[in-house]
$ cat upload.csv   # CSV, C-alpha atoms
chain,number,residue,atom,x,y,z
A,658,MET,CA,-37.6,46.0,36.7
A,659,GLU,CA,-41.0,45.8,34.9
A,660,ARG,CA,-42.6,49.0,33.6
A,661,PRO,CA,-46.3,49.6,34.5
A,662,VAL,CA,-48.7,48.8,31.7
A,663,GLN,CA,-49.7,52.4,31.2
A,664,GLU,CA,-46.0,53.2,30.3
A,665,LEU,CA,-45.7,50.5,27.7
A,666,PRO,CA,-46.1,51.6,24.1
A,667,VAL,CA,-49.4,50.7,22.4
A,668,ALA,CA,-48.8,48.3,19.6
A,669,TRP,CA,-51.1,46.9,16.9
A,670,ALA,CA,-50.6,43.7,14.9
A,671,ARG,CA,-52.1,41.9,12.0
A,672,LEU,CA,-51.3,38.6,10.2
A,673,ARG,CA,-48.5,38.9,7.7
A,674,VAL,CA,-49.1,35.4,6.4
A,675,ASP,CA,-52.2,33.6,5.1
A,676,VAL,CA,-53.1,31.3,8.0
A,677,ASN,CA,-56.2,30.5,10.1
A,678,CYS,CA,-55.4,31.2,13.7
A,679,GLY,CA,-58.4,33.0,15.1
A,680,LEU,CA,-57.7,36.4,13.5
A,681,ARG,CA,-59.4,38.1,10.6
A,682,ARG,CA,-56.9,38.5,7.7
A,683,GLY,CA,-56.3,42.2,7.3
A,684,GLY,CA,-57.7,43.2,10.7
A,685,TRP,CA,-55.6,45.1,13.1
A,686,TYR,CA,-55.6,44.0,16.8
A,687,ARG,CA,-54.2,45.7,19.9
A,688,VAL,CA,-51.3,43.8,21.4
A,689,VAL,CA,-52.0,43.4,25.1
A,690,GLN,CA,-49.0,41.3,26.0
A,691,VAL,CA,-45.8,39.9,24.6
A,692,THR,CA,-44.4,36.7,26.0
A,693,GLY,CA,-41.3,35.4,24.3
A,694,ALA,CA,-42.3,34.0,20.9
A,695,GLU,CA,-46.0,35.0,21.3
A,696,ALA,CA,-48.1,38.1,21.3
A,697,ILE,CA,-51.4,38.1,23.0
A,698,LEU,CA,-53.9,40.1,20.9
A,699,GLU,CA,-57.2,41.7,22.0
A,700,VAL,CA,-59.8,39.8,20.2
A,701,THR,CA,-63.4,39.6,21.3
A,702,PRO,CA,-64.5,37.6,23.3
A,703,GLU,CA,-61.2,36.1,24.3
A,704,PRO,CA,-57.6,37.3,23.9
A,705,VAL,CA,-55.7,35.2,21.3
A,706,PRO,CA,-52.1,34.1,21.5
A,707,VAL,CA,-50.3,34.2,18.1
A,708,PRO,CA,-46.7,33.4,17.3
A,709,ARG,CA,-44.9,36.7,16.7
A,710,ARG,CA,-43.3,35.4,13.5
A,711,LEU,CA,-46.8,35.4,11.9
A,712,LEU,CA,-47.5,39.1,12.7
A,713,GLU,CA,-46.8,42.5,11.4
A,714,THR,CA,-46.6,44.9,14.3
A,715,VAL,CA,-46.7,48.7,14.3
A,716,PHE,CA,-46.8,51.4,17.1
A,717,ARG,CA,-49.3,53.7,15.6
A,718,ARG,CA,-52.8,52.5,14.9
A,719,PRO,CA,-53.3,52.1,11.1
A,720,LEU,CA,-56.4,53.9,9.8
A,721,ARG,CA,-56.7,52.6,6.3
A,722,TRP,CA,-58.7,49.7,4.9
A,723,SER,CA,-56.6,46.6,4.2
A,724,ILE,CA,-57.1,45.0,0.8
A,725,VAL,CA,-57.2,41.2,1.3
A,726,PRO,CA,-56.8,38.8,-1.6
A,727,ARG,CA,-59.5,36.1,-1.1
A,728,PRO,CA,-58.0,33.3,0.9
A,729,ARG,CA,-58.3,29.8,-0.5
A,730,ASP,CA,-60.0,28.7,2.7
A,731,ALA,CA,-62.1,31.8,3.2
A,732,ARG,CA,-65.1,31.4,5.6
A,733,ASN,CA,-68.2,33.5,5.5
A,734,VAL,CA,-67.0,35.6,2.5
A,735,PRO,CA,-69.7,35.8,-0.1
A,736,SER,CA,-68.5,34.4,-3.5
A,737,GLY,CA,-70.0,37.5,-5.2
A,738,TRP,CA,-67.2,39.6,-3.7
A,739,GLY,CA,-64.7,38.2,-6.2
A,740,ASP,CA,-61.0,37.8,-5.7
A,741,ARG,CA,-60.5,40.5,-3.0
A,742,TYR,CA,-62.3,42.4,-0.2
A,743,VAL,CA,-61.4,45.0,2.3
A,744,VAL,CA,-61.1,45.0,6.1
A,745,CYS,CA,-62.0,48.0,8.3
A,746,PRO,CA,-58.9,49.2,10.3
A,747,VAL,CA,-61.0,49.9,13.4
A,748,CYS,CA,-63.6,47.1,13.8
A,749,SER,CA,-62.2,44.5,11.3
A,750,THR,CA,-65.5,44.2,9.4
A,751,ARG,CA,-65.1,42.8,5.9
A,752,ALA,CA,-66.7,44.5,3.0
A,753,PRO,CA,-66.7,44.1,-0.8
A,754,ILE,CA,-64.8,46.5,-2.9
A,755,LYS,CA,-65.5,47.7,-6.5
A,756,GLY,CA,-63.5,50.0,-8.5
A,757,HIS,CA,-60.7,52.0,-7.0
A,758,PRO,CA,-62.2,54.3,-4.3
A,759,ALA,CA,-59.9,56.6,-2.3
A,760,ASP,CA,-62.1,56.3,0.8
A,761,LEU,CA,-64.7,53.9,2.1
A,762,GLY,CA,-67.3,54.1,4.9
A,763,CYS,CA,-67.6,51.2,7.2
A,764,PRO,CA,-71.1,49.7,7.5
A,765,ARG,CA,-70.5,48.6,11.1
A,766,CYS,CA,-68.6,51.4,12.9
A,767,HIS,CA,-69.5,54.1,10.4
A,768,GLY,CA,-65.9,55.4,10.2
A,769,VAL,CA,-64.6,56.7,6.8
A,770,PHE,CA,-61.1,55.6,6.0
A,771,GLY,CA,-58.7,55.7,3.1
A,772,VAL,CA,-57.9,52.5,1.2
A,773,ALA,CA,-54.4,51.1,1.4
A,774,TRP,CA,-53.9,50.8,-2.4
A,775,ASP,CA,-50.1,51.1,-2.0
A,776,GLU,CA,-49.8,48.0,0.1
A,777,ARG,CA,-49.4,44.5,-1.2
A,778,TYR,CA,-51.0,42.7,1.8
A,779,LEU,CA,-50.7,38.9,1.5
A,780,ALA,CA,-49.8,39.2,-2.2
A,781,PRO,CA,-47.5,36.4,-3.5
A,782,GLY,CA,-43.9,37.5,-2.9
A,783,ALA,CA,-44.9,40.3,-0.5
A,784,ASN,CA,-43.4,40.3,3.0
A,785,PRO,CA,-44.3,43.3,5.1
$ encode --input "upload.csv" --output "structure tokens"
Amino acid sequence: MERPVQELPVAWARLRVDVNCGLRRGGWYRVVQVTGAEAILEVTPEPVPVPRRLLETVFRRPLRWSIVPRPRDARNVPSGWGDRYVVCPVCSTRAPIKGHPADLGCPRCHGVFGVAWDERYLAPGANP
């Protein structure tokens, strides 16, 4: 028997591998449906199906900036940002990072969040 949607746990997912598939690396997206080997993620303007094997999934919304090593095929990332940037946990906006701040404010959603310095997101040899 299927459970009503409101009873399903809320899940969040982000890429756990460095691939282009319609998601911003480091961004967390709400999982709206799981169908076998795929998860459908809430991405504006259209939901995006992504193979589950490419995703890290959690059941509590992360509220820390993801530190993303600059992808070799990065699009629309200014070269002046260097070899890494951060991604807002709420709106997925990318931003440059300098130094080692404990917290950062988002220029888009204006939230202030900690920085996930203890993660090794997409680092060689890392596998969340």
$ atom_distance --input "upload.csv" --atom1 "CA of Gly756 in chain A" --atom2 "CA of Tyr742 in chain A"
11.3 Å
$ residues_around --input "upload.csv" --residues "Cys766 in chain A" --least-positions-apart "5" --cutoff "9 Å" --atoms "all atoms listed in the file" --output "NGL selection string"
:A and (745 or 747-748 or 750)
$ atom_distance --input "upload.csv" --atom1 "CA of Arg727 in chain A" --atom2 "CA of Asp740 in chain A"
5.1 Å
$ residues_around --input "upload.csv" --residues "Cys763 in chain A" --least-positions-apart "3" --cutoff "12 Å" --atoms "only C-alpha atoms" --output "list of chain:residue names"
A:Leu720, A:Arg721, A:Trp722, A:Val743, A:Val744, A:Cys745, A:Pro746, A:Val747, A:Cys748, A:Ser749, A:Thr750, A:Arg751, A:Ala752, A:Pro753, A:Ile754, A:Asp760, A:Cys766, A:His767, A:Gly768, A:Val769, A:Phe770, A:Gly771, A:Val772
$ closest_residue --input "upload.csv" --among "A:Gly684, A:Ala668, A:Val715, A:Leu779" --to "Ile697 in chain A" --atoms "only C-alpha atoms"
A:Ala668
$ atom_distance --input "upload.csv" --atom1 "CA of Arg687 in chain A" --atom2 "CA of Arg710 in chain A"
16.3 Å
$ closest_residue --input "upload.csv" --among "A:Arg732, A:Tyr686, A:Ala773, A:Leu761" --to "Thr714 in chain A" --atoms "only C-alpha atoms"
A:Tyr686
$ closest_residue --input "upload.csv" --among "A:Pro708, A:Pro764, A:Pro781, A:Pro666" --to "Pro728 in chain A" --atoms "all atoms listed in the file"
A:Pro781
$ residues_around --input "upload.csv" --residues "Glu699 in chain A" --least-positions-apart "5" --cutoff "12 Å" --atoms "all atoms listed in the file" --output "ChimeraX atom specification"
/A:667-671,679-680,684-691,704-707,748
